[in-house]
file run_5.json (JSON, C-alpha atoms)
[["chain", "number", "residue", "atom", "x", "y", "z"],
["A", 1, "MET", "CA", 90.45, 50.37, 59.73],
["A", 2, "SER", "CA", 87.60, 52.25, 58.07],
["A", 3, "THR", "CA", 88.32, 54.87, 55.44],
["A", 4, "ASP", "CA", 87.22, 58.32, 56.54],
["A", 5, "GLN", "CA", 85.96, 60.41, 53.62],
["A", 6, "THR", "CA", 87.91, 63.35, 55.07],
["A", 7, "ASP", "CA", 91.10, 61.40, 54.35],
["A", 8, "VAL", "CA", 90.31, 61.43, 50.63],
["A", 9, "ARG", "CA", 92.20, 64.24, 48.89],
["A", 10, "GLN", "CA", 91.28, 65.60, 45.46],
["A", 11, "TRP", "CA", 93.20, 67.97, 43.22],
["A", 12, "GLY", "CA", 92.55, 69.67, 39.90],
["A", 13, "GLU", "CA", 89.79, 68.61, 37.50],
["A", 14, "PHE", "CA", 88.62, 65.51, 39.35],
["A", 15, "LEU", "CA", 84.98, 64.55, 38.73],
["A", 16, "ASP", "CA", 83.31, 62.51, 41.46],
["A", 17, "PRO", "CA", 81.31, 60.76, 40.23],
["A", 18, "ILE", "CA", 82.45, 60.78, 36.63],
["A", 19, "PRO", "CA", 79.51, 61.51, 34.26],
["A", 20, "PRO", "CA", 78.10, 58.43, 32.48],
["A", 21, "SER", "CA", 79.22, 57.98, 28.88],
["A", 22, "ASP", "CA", 77.68, 55.91, 26.09],
["A", 23, "GLU", "CA", 81.09, 54.72, 24.89],
["A", 24, "PHE", "CA", 83.81, 53.57, 27.27],
["A", 25, "LEU", "CA", 86.40, 50.84, 27.49],
["A", 26, "THR", "CA", 88.15, 49.45, 30.58],
["A", 27, "LEU", "CA", 91.37, 47.42, 30.72],
["A", 28, "ASN", "CA", 92.68, 45.71, 33.88],
["A", 29, "PHE", "CA", 96.30, 44.67, 34.47],
["A", 30, "SER", "CA", 97.74, 42.19, 36.96],
["A", 31, "PRO", "CA", 99.29, 43.71, 40.07],
["A", 32, "ASP", "CA", 101.87, 40.91, 40.23],
["A", 33, "ARG", "CA", 105.38, 42.39, 39.80],
["A", 34, "ALA", "CA", 106.75, 39.44, 37.81],
["A", 35, "ASN", "CA", 103.86, 39.66, 35.37],
["A", 36, "ARG", "CA", 104.32, 43.42, 35.03],
["A", 37, "LEU", "CA", 107.99, 43.11, 34.13],
["A", 38, "GLN", "CA", 107.41, 40.25, 31.70],
["A", 39, "ARG", "CA", 104.54, 42.05, 30.01],
["A", 40, "TRP", "CA", 105.97, 45.58, 29.85],
["A", 41, "ARG", "CA", 105.54, 45.64, 26.05],
["A", 42, "ASN", "CA", 101.84, 44.86, 26.49],
["A", 43, "TYR", "CA", 101.18, 48.28, 27.98],
["A", 44, "GLY", "CA", 102.29, 49.97, 24.76],
["A", 45, "LEU", "CA", 100.17, 47.54, 22.75],
["A", 46, "SER", "CA", 97.19, 48.25, 25.01],
["A", 47, "ALA", "CA", 97.65, 52.00, 24.58],
["A", 48, "ASP", "CA", 97.76, 51.56, 20.81],
["A", 49, "PHE", "CA", 94.60, 49.45, 20.99],
["A", 50, "LEU", "CA", 92.80, 52.25, 22.85],
["A", 51, "GLY", "CA", 94.02, 54.71, 20.21],
["A", 52, "ASP", "CA", 92.81, 52.50, 17.34],
["A", 53, "TYR", "CA", 89.45, 51.81, 18.99],
["A", 54, "PHE", "CA", 88.51, 55.38, 19.84],
["A", 55, "ALA", "CA", 89.86, 56.82, 16.57],
["A", 56, "THR", "CA", 87.03, 55.02, 14.74],
["A", 57, "PHE", "CA", 84.54, 57.51, 16.24],
["A", 58, "PHE", "CA", 86.17, 60.42, 14.40],
["A", 59, "PRO", "CA", 86.13, 61.46, 10.73],
["A", 60, "GLY", "CA", 88.90, 60.29, 8.44],
["A", 61, "ASN", "CA", 88.95, 63.35, 6.16],
["A", 62, "GLU", "CA", 92.40, 64.82, 5.74],
["A", 63, "ALA", "CA", 93.16, 68.27, 7.11],
["A", 64, "ASP", "CA", 95.52, 70.81, 5.51],
["A", 65, "ASP", "CA", 98.52, 69.15, 7.12],
["A", 66, "GLY", "CA", 97.62, 65.79, 5.56],
["A", 67, "LEU", "CA", 96.51, 64.26, 8.86],
["A", 68, "SER", "CA", 92.89, 63.32, 9.48],
["A", 69, "GLN", "CA", 91.21, 63.93, 12.80],
["A", 70, "ARG", "CA", 91.16, 60.17, 13.17],
["A", 71, "ASP", "CA", 94.96, 60.03, 12.86],
["A", 72, "THR", "CA", 95.36, 62.86, 15.36],
["A", 73, "ILE", "CA", 93.05, 61.23, 17.92],
["A", 74, "LYS", "CA", 94.76, 57.87, 17.49],
["A", 75, "GLY", "CA", 98.18, 59.36, 18.14],
["A", 76, "SER", "CA", 97.01, 61.45, 21.09],
["A", 77, "VAL", "CA", 95.14, 58.61, 22.78],
["A", 78, "SER", "CA", 98.01, 56.15, 22.27],
["A", 79, "TYR", "CA", 100.58, 58.55, 23.71],
["A", 80, "ILE", "CA", 98.51, 59.60, 26.73],
["A", 81, "ALA", "CA", 97.31, 56.07, 27.55],
["A", 82, "ASN", "CA", 100.88, 54.75, 27.33],
["A", 83, "GLU", "CA", 102.20, 57.46, 29.67],
["A", 84, "LEU", "CA", 99.40, 56.90, 32.17],
["A", 85, "LEU", "CA", 99.86, 53.12, 32.16],
["A", 86, "GLU", "CA", 103.64, 53.34, 32.52],
["A", 87, "ASN", "CA", 103.28, 55.70, 35.49],
["A", 88, "ALA", "CA", 100.64, 53.49, 37.13],
["A", 89, "VAL", "CA", 102.83, 50.41, 36.72],
["A", 90, "LYS", "CA", 106.04, 52.15, 37.78],
["A", 91, "TYR", "CA", 104.59, 53.57, 41.00],
["A", 92, "SER", "CA", 102.35, 50.67, 42.03],
["A", 93, "THR", "CA", 102.99, 48.56, 45.09],
["A", 94, "THR", "CA", 103.45, 44.79, 44.96],
["A", 95, "ASP", "CA", 101.85, 44.42, 48.40],
["A", 96, "HIS", "CA", 98.25, 44.53, 47.25],
["A", 97, "ASP", "CA", 96.19, 42.43, 44.83],
["A", 98, "CYS", "CA", 94.21, 45.32, 43.31],
["A", 99, "PRO", "CA", 94.70, 45.48, 39.52],
["A", 100, "ILE", "CA", 95.93, 48.52, 37.64],
["A", 101, "ILE", "CA", 92.92, 49.89, 35.75],
["A", 102, "ILE", "CA", 92.54, 52.29, 32.86],
["A", 103, "THR", "CA", 89.15, 53.36, 31.52],
["A", 104, "LEU", "CA", 88.63, 55.68, 28.58],
["A", 105, "HIS", "CA", 85.30, 57.53, 28.32],
["A", 106, "LEU", "CA", 84.05, 59.26, 25.17],
["A", 107, "TYR", "CA", 81.87, 62.39, 25.42],
["A", 108, "ASP", "CA", 80.67, 64.89, 22.80],
["A", 109, "HIS", "CA", 83.64, 67.22, 23.16],
["A", 110, "LYS", "CA", 86.18, 65.36, 25.24],
["A", 111, "LEU", "CA", 87.80, 62.09, 26.17],
["A", 112, "ILE", "CA", 88.46, 61.31, 29.82],
["A", 113, "PHE", "CA", 91.08, 58.76, 30.82],
["A", 114, "GLU", "CA", 90.63, 57.33, 34.32],
["A", 115, "THR", "CA", 93.59, 55.39, 35.69],
["A", 116, "SER", "CA", 93.90, 53.82, 39.15],
["A", 117, "ASN", "CA", 96.55, 51.91, 41.05],
["A", 118, "ILE", "CA", 97.69, 51.29, 44.62],
["A", 119, "SER", "CA", 100.88, 53.10, 45.68],
["A", 120, "PRO", "CA", 103.02, 53.19, 48.84],
["A", 121, "LEU", "CA", 102.41, 56.24, 51.03],
["A", 122, "PRO", "CA", 105.90, 57.81, 50.48],
["A", 123, "THR", "CA", 105.35, 57.66, 46.72],
["A", 124, "THR", "CA", 102.01, 59.44, 46.97],
["A", 125, "ILE", "CA", 103.47, 62.12, 49.26],
["A", 126, "GLU", "CA", 106.06, 62.92, 46.57],
["A", 127, "TYR", "CA", 103.34, 62.92, 43.92],
["A", 128, "GLU", "CA", 101.17, 65.37, 45.86],
["A", 129, "ASP", "CA", 104.19, 67.61, 46.47],
["A", 130, "PHE", "CA", 104.68, 67.72, 42.69],
["A", 131, "ILE", "CA", 100.99, 68.59, 42.16],
["A", 132, "LYS", "CA", 101.35, 71.51, 44.61],
["A", 133, "VAL", "CA", 104.34, 72.81, 42.64],
["A", 134, "LEU", "CA", 102.43, 72.33, 39.37],
["A", 135, "LYS", "CA", 99.57, 74.47, 40.67],
["A", 136, "GLN", "CA", 101.99, 77.32, 41.37],
["A", 137, "LYS", "CA", 104.28, 77.25, 38.33],
["A", 138, "ASP", "CA", 103.91, 77.46, 34.57],
["A", 139, "PRO", "CA", 103.93, 73.89, 33.15],
["A", 140, "MET", "CA", 106.39, 74.76, 30.37],
["A", 141, "GLU", "CA", 108.76, 76.43, 32.83],
["A", 142, "LEU", "CA", 108.54, 73.40, 35.08],
["A", 143, "TYR", "CA", 109.17, 71.12, 32.10],
["A", 144, "MET", "CA", 112.37, 73.00, 31.20],
["A", 145, "GLU", "CA", 113.53, 72.91, 34.83],
["A", 146, "ARG", "CA", 113.05, 69.15, 34.97],
["A", 147, "LEU", "CA", 114.99, 68.66, 31.74],
["A", 148, "GLU", "CA", 117.87, 70.83, 32.95],
["A", 149, "LYS", "CA", 117.99, 68.99, 36.28],
["A", 150, "SER", "CA", 117.99, 65.66, 34.45],
["A", 151, "ALA", "CA", 120.90, 66.75, 32.24],
["A", 152, "LEU", "CA", 122.95, 68.14, 35.14],
["A", 153, "GLU", "CA", 122.42, 65.15, 37.41],
["A", 154, "ASN", "CA", 122.50, 62.59, 34.58],
["A", 155, "CYS", "CA", 119.28, 60.99, 35.78],
["A", 156, "GLU", "CA", 115.78, 60.36, 34.49],
["A", 157, "ALA", "CA", 113.59, 63.43, 34.93],
["A", 158, "SER", "CA", 110.44, 62.67, 36.89],
["A", 159, "GLN", "CA", 106.98, 63.69, 35.68],
["A", 160, "ILE", "CA", 108.26, 64.66, 32.21],
["A", 161, "GLY", "CA", 105.51, 62.57, 30.60],
["A", 162, "LEU", "CA", 102.79, 64.31, 32.60],
["A", 163, "LEU", "CA", 104.20, 67.74, 31.74],
["A", 164, "THR", "CA", 104.38, 66.75, 28.07],
["A", 165, "MET", "CA", 100.70, 65.80, 28.11],
["A", 166, "ILE", "CA", 99.84, 69.21, 29.56],
["A", 167, "ASN", "CA", 102.10, 71.26, 27.29],
["A", 168, "ASP", "CA", 101.78, 69.37, 24.00],
["A", 169, "TYR", "CA", 98.25, 67.94, 24.23],
["A", 170, "GLN", "CA", 96.59, 70.59, 26.44],
["A", 171, "ALA", "CA", 95.45, 67.78, 28.74],
["A", 172, "GLN", "CA", 93.86, 68.73, 32.05],
["A", 173, "PHE", "CA", 94.35, 66.62, 35.14],
["A", 174, "GLY", "CA", 92.47, 65.69, 38.27],
["A", 175, "TRP", "CA", 93.76, 63.44, 41.06],
["A", 176, "GLN", "CA", 92.26, 61.58, 43.99],
["A", 177, "PHE", "CA", 94.24, 59.98, 46.81],
["A", 178, "SER", "CA", 92.24, 57.56, 48.96],
["A", 179, "PRO", "CA", 93.47, 55.45, 51.90],
["A", 180, "VAL", "CA", 93.22, 51.71, 51.29],
["A", 181, "PRO", "CA", 90.97, 50.08, 53.93],
["A", 182, "GLY", "CA", 92.97, 47.88, 56.28],
["A", 183, "SER", "CA", 96.31, 49.52, 55.49],
["A", 184, "GLU", "CA", 98.06, 52.54, 56.95],
["A", 185, "ASP", "CA", 100.74, 52.85, 54.28],
["A", 186, "LEU", "CA", 98.93, 52.17, 50.98],
["A", 187, "ILE", "CA", 97.00, 54.74, 48.95],
["A", 188, "LYS", "CA", 94.71, 54.29, 45.97],
["A", 189, "VAL", "CA", 95.70, 56.85, 43.33],
["A", 190, "THR", "CA", 93.13, 57.76, 40.69],
["A", 191, "VAL", "CA", 94.22, 60.02, 37.86],
["A", 192, "MET", "CA", 91.66, 61.68, 35.60],
["A", 193, "THR", "CA", 93.00, 63.10, 32.33],
["A", 194, "HIS", "CA", 90.77, 65.31, 30.16],
["A", 195, "LEU", "CA", 91.49, 65.66, 26.43],
["A", 196, "SER", "CA", 89.31, 68.07, 24.43],
["A", 197, "VAL", "CA", 88.12, 66.76, 21.03],
["A", 198, "GLU", "CA", 85.59, 67.63, 18.37],
["A", 199, "ILE", "CA", 83.50, 64.87, 16.77]]
call {"tool": "encode", "arguments": {"input": "run_5.json", "output": "structure tokens"}}
result
Amino acid sequence: MSTDQTDVRQWGEFLDPIPPSDEFLTLNFSPDRANRLQRWRNYGLSADFLGDYFATFFPGNEADDGLSQRDTIKGSVSYIANELLENAVKYSTTDHDCPIIITLHLYDHKLIFETSNISPLPTTIEYEDFIKVLKQKDPMELYMERLEKSALENCEASQIGLLTMINDYQAQFGWQFSPVPGSEDLIKVTVMTHLSVEI
């Protein structure tokens, strides 16, 4: 089955192609479920590594609050990368051998995280439904609704991490959903997360 370009759906701030950057780093993770579960801690370590690596491009002078820009970037990158990796792992299929990939690009005034994984079609339908709601509602209002629902139903609130990145880090998102060639029920999900910075 060939992939028709009209079947590719994009939302938000998705750049296709992404502009070239002088500094970028890509990490690949095994799609094997057993490896994912055994190595869950590695995703947090990988996120911290990205934070440490990209923080070196920023000044270490302390601001009024005692934190340097380097500290702030390190914390922001680590948090966002960890959330993106956890989501990619959590919603990936085990029926495809494509790795989970995260790439972080450095530009003059922003960082762009690019994460991709292969998900089952029902999962991506739910994800796109959430994106449609997000386009229509205030992110903070939606965040509070999700927390209240989680408390009332005593369950884990979905998409809280994504809403936290938007509300607390002013991250902007773009998404692309592409059919996987040869499969009718698998979708490649690419998430692009923009974080404004000043070097």
call {"tool": "atom_distance", "arguments": {"input": "run_5.json", "atom1": "atom CA of A:Trp11", "atom2": "atom CA of A:Thr115"}}
result
14.7 Å
call {"tool": "atom_distance", "arguments": {"input": "run_5.json", "atom1": "atom CA of A:His96", "atom2": "atom CA of A:Asp48"}}
result
27.4 Å
call {"tool": "closest_residue", "arguments": {"input": "run_5.json", "among": "A:Tyr127, A:Phe177, A:Tyr169, A:Phe58", "to": "A:Ser196", "atoms": "only C-alpha atoms"}}
result
A:Tyr169
call {"tool": "closest_residue", "arguments": {"input": "run_5.json", "among": "A:Gln136, A:Asn42, A:Ser76, A:Ser150", "to": "A:Val197", "atoms": "all atoms listed in the file"}}
result
A:Ser76
call {"tool": "residues_around", "arguments": {"input": "run_5.json", "residues": "stretch 109-112 of chain A", "least_positions_apart": "2", "cutoff": "12 Å", "atoms": "only C-alpha atoms", "output": "short mmCIF file (atom, residue, chain, number, x, y, z; two decimals) with C-alpha atoms, keeping the file's coordinate frame"}}
result
data_model
loop_
_atom_site.label_atom_id
_atom_site.label_comp_id
_atom_site.auth_asym_id
_atom_site.auth_seq_id
_atom_site.Cartn_x
_atom_site.Cartn_y
_atom_site.Cartn_z
CA GLU A 13 89.79 68.61 37.50
CA PHE A 14 88.62 65.51 39.35
CA LEU A 15 84.98 64.55 38.73
CA ILE A 18 82.45 60.78 36.63
CA PRO A 19 79.51 61.51 34.26
CA PRO A 20 78.10 58.43 32.48
CA SER A 21 79.22 57.98 28.88
CA ASP A 22 77.68 55.91 26.09
CA GLU A 23 81.09 54.72 24.89
CA PHE A 24 83.81 53.57 27.27
CA LEU A 25 86.40 50.84 27.49
CA THR A 26 88.15 49.45 30.58
CA LEU A 50 92.80 52.25 22.85
CA GLY A 51 94.02 54.71 20.21
CA PHE A 54 88.51 55.38 19.84
CA ALA A 55 89.86 56.82 16.57
CA PHE A 57 84.54 57.51 16.24
CA PHE A 58 86.17 60.42 14.40
CA ILE A 73 93.05 61.23 17.92
CA LYS A 74 94.76 57.87 17.49
CA SER A 76 97.01 61.45 21.09
CA VAL A 77 95.14 58.61 22.78
CA ILE A 80 98.51 59.60 26.73
CA ALA A 81 97.31 56.07 27.55
CA ILE A 102 92.54 52.29 32.86
CA THR A 103 89.15 53.36 31.52
CA LEU A 104 88.63 55.68 28.58
CA HIS A 105 85.30 57.53 28.32
CA LEU A 106 84.05 59.26 25.17
CA TYR A 107 81.87 62.39 25.42
CA GLU A 114 90.63 57.33 34.32
CA THR A 115 93.59 55.39 35.69
CA GLN A 170 96.59 70.59 26.44
CA ALA A 171 95.45 67.78 28.74
CA GLN A 172 93.86 68.73 32.05
CA PHE A 173 94.35 66.62 35.14
CA GLY A 174 92.47 65.69 38.27
CA VAL A 191 94.22 60.02 37.86
CA MET A 192 91.66 61.68 35.60
CA THR A 193 93.00 63.10 32.33
CA HIS A 194 90.77 65.31 30.16
CA LEU A 195 91.49 65.66 26.43
CA SER A 196 89.31 68.07 24.43
CA VAL A 197 88.12 66.76 21.03
CA GLU A 198 85.59 67.63 18.37
CA ILE A 199 83.50 64.87 16.77
#
call {"tool": "closest_residue", "arguments": {"input": "run_5.json", "among": "A:Ser183, A:Glu141, A:Asp7, A:Leu162", "to": "A:Ala88", "atoms": "only C-alpha atoms"}}
result
A:Leu162
call {"tool": "closest_residue", "arguments": {"input": "run_5.json", "among": "A:Val8, A:Pro139, A:Thr94, A:Asn167", "to": "A:Val180", "atoms": "all atoms listed in the file"}}
result
A:Val8
call {"tool": "residues_around", "arguments": {"input": "run_5.json", "residues": "A:Gly44", "least_positions_apart": "6", "cutoff": "9 Å", "atoms": "all atoms listed in the file", "output": "list in words"}}
result
Ser78, Tyr79, Ala81, Asn82, Glu83, Leu85 and Glu86 of chain A
call {"tool": "atom_distance", "arguments": {"input": "run_5.json", "atom1": "atom CA of A:Ile125", "atom2": "atom CA of A:Ser92"}}
result
13.6 Å
call {"tool": "residues_around", "arguments": {"input": "run_5.json", "residues": "A:Pro99", "least_positions_apart": "3", "cutoff": "7 Å", "atoms": "all atoms listed in the file", "output": "list in words"}}
result
Asn28, Phe29, Ser30, Pro31 and Asn117 of chain A
call {"tool": "closest_residue", "arguments": {"input": "run_5.json", "among": "A:Leu84, A:Thr123, A:Phe113, A:Glu148", "to": "A:Gly161", "atoms": "all atoms listed in the file"}}
result
A:Leu84
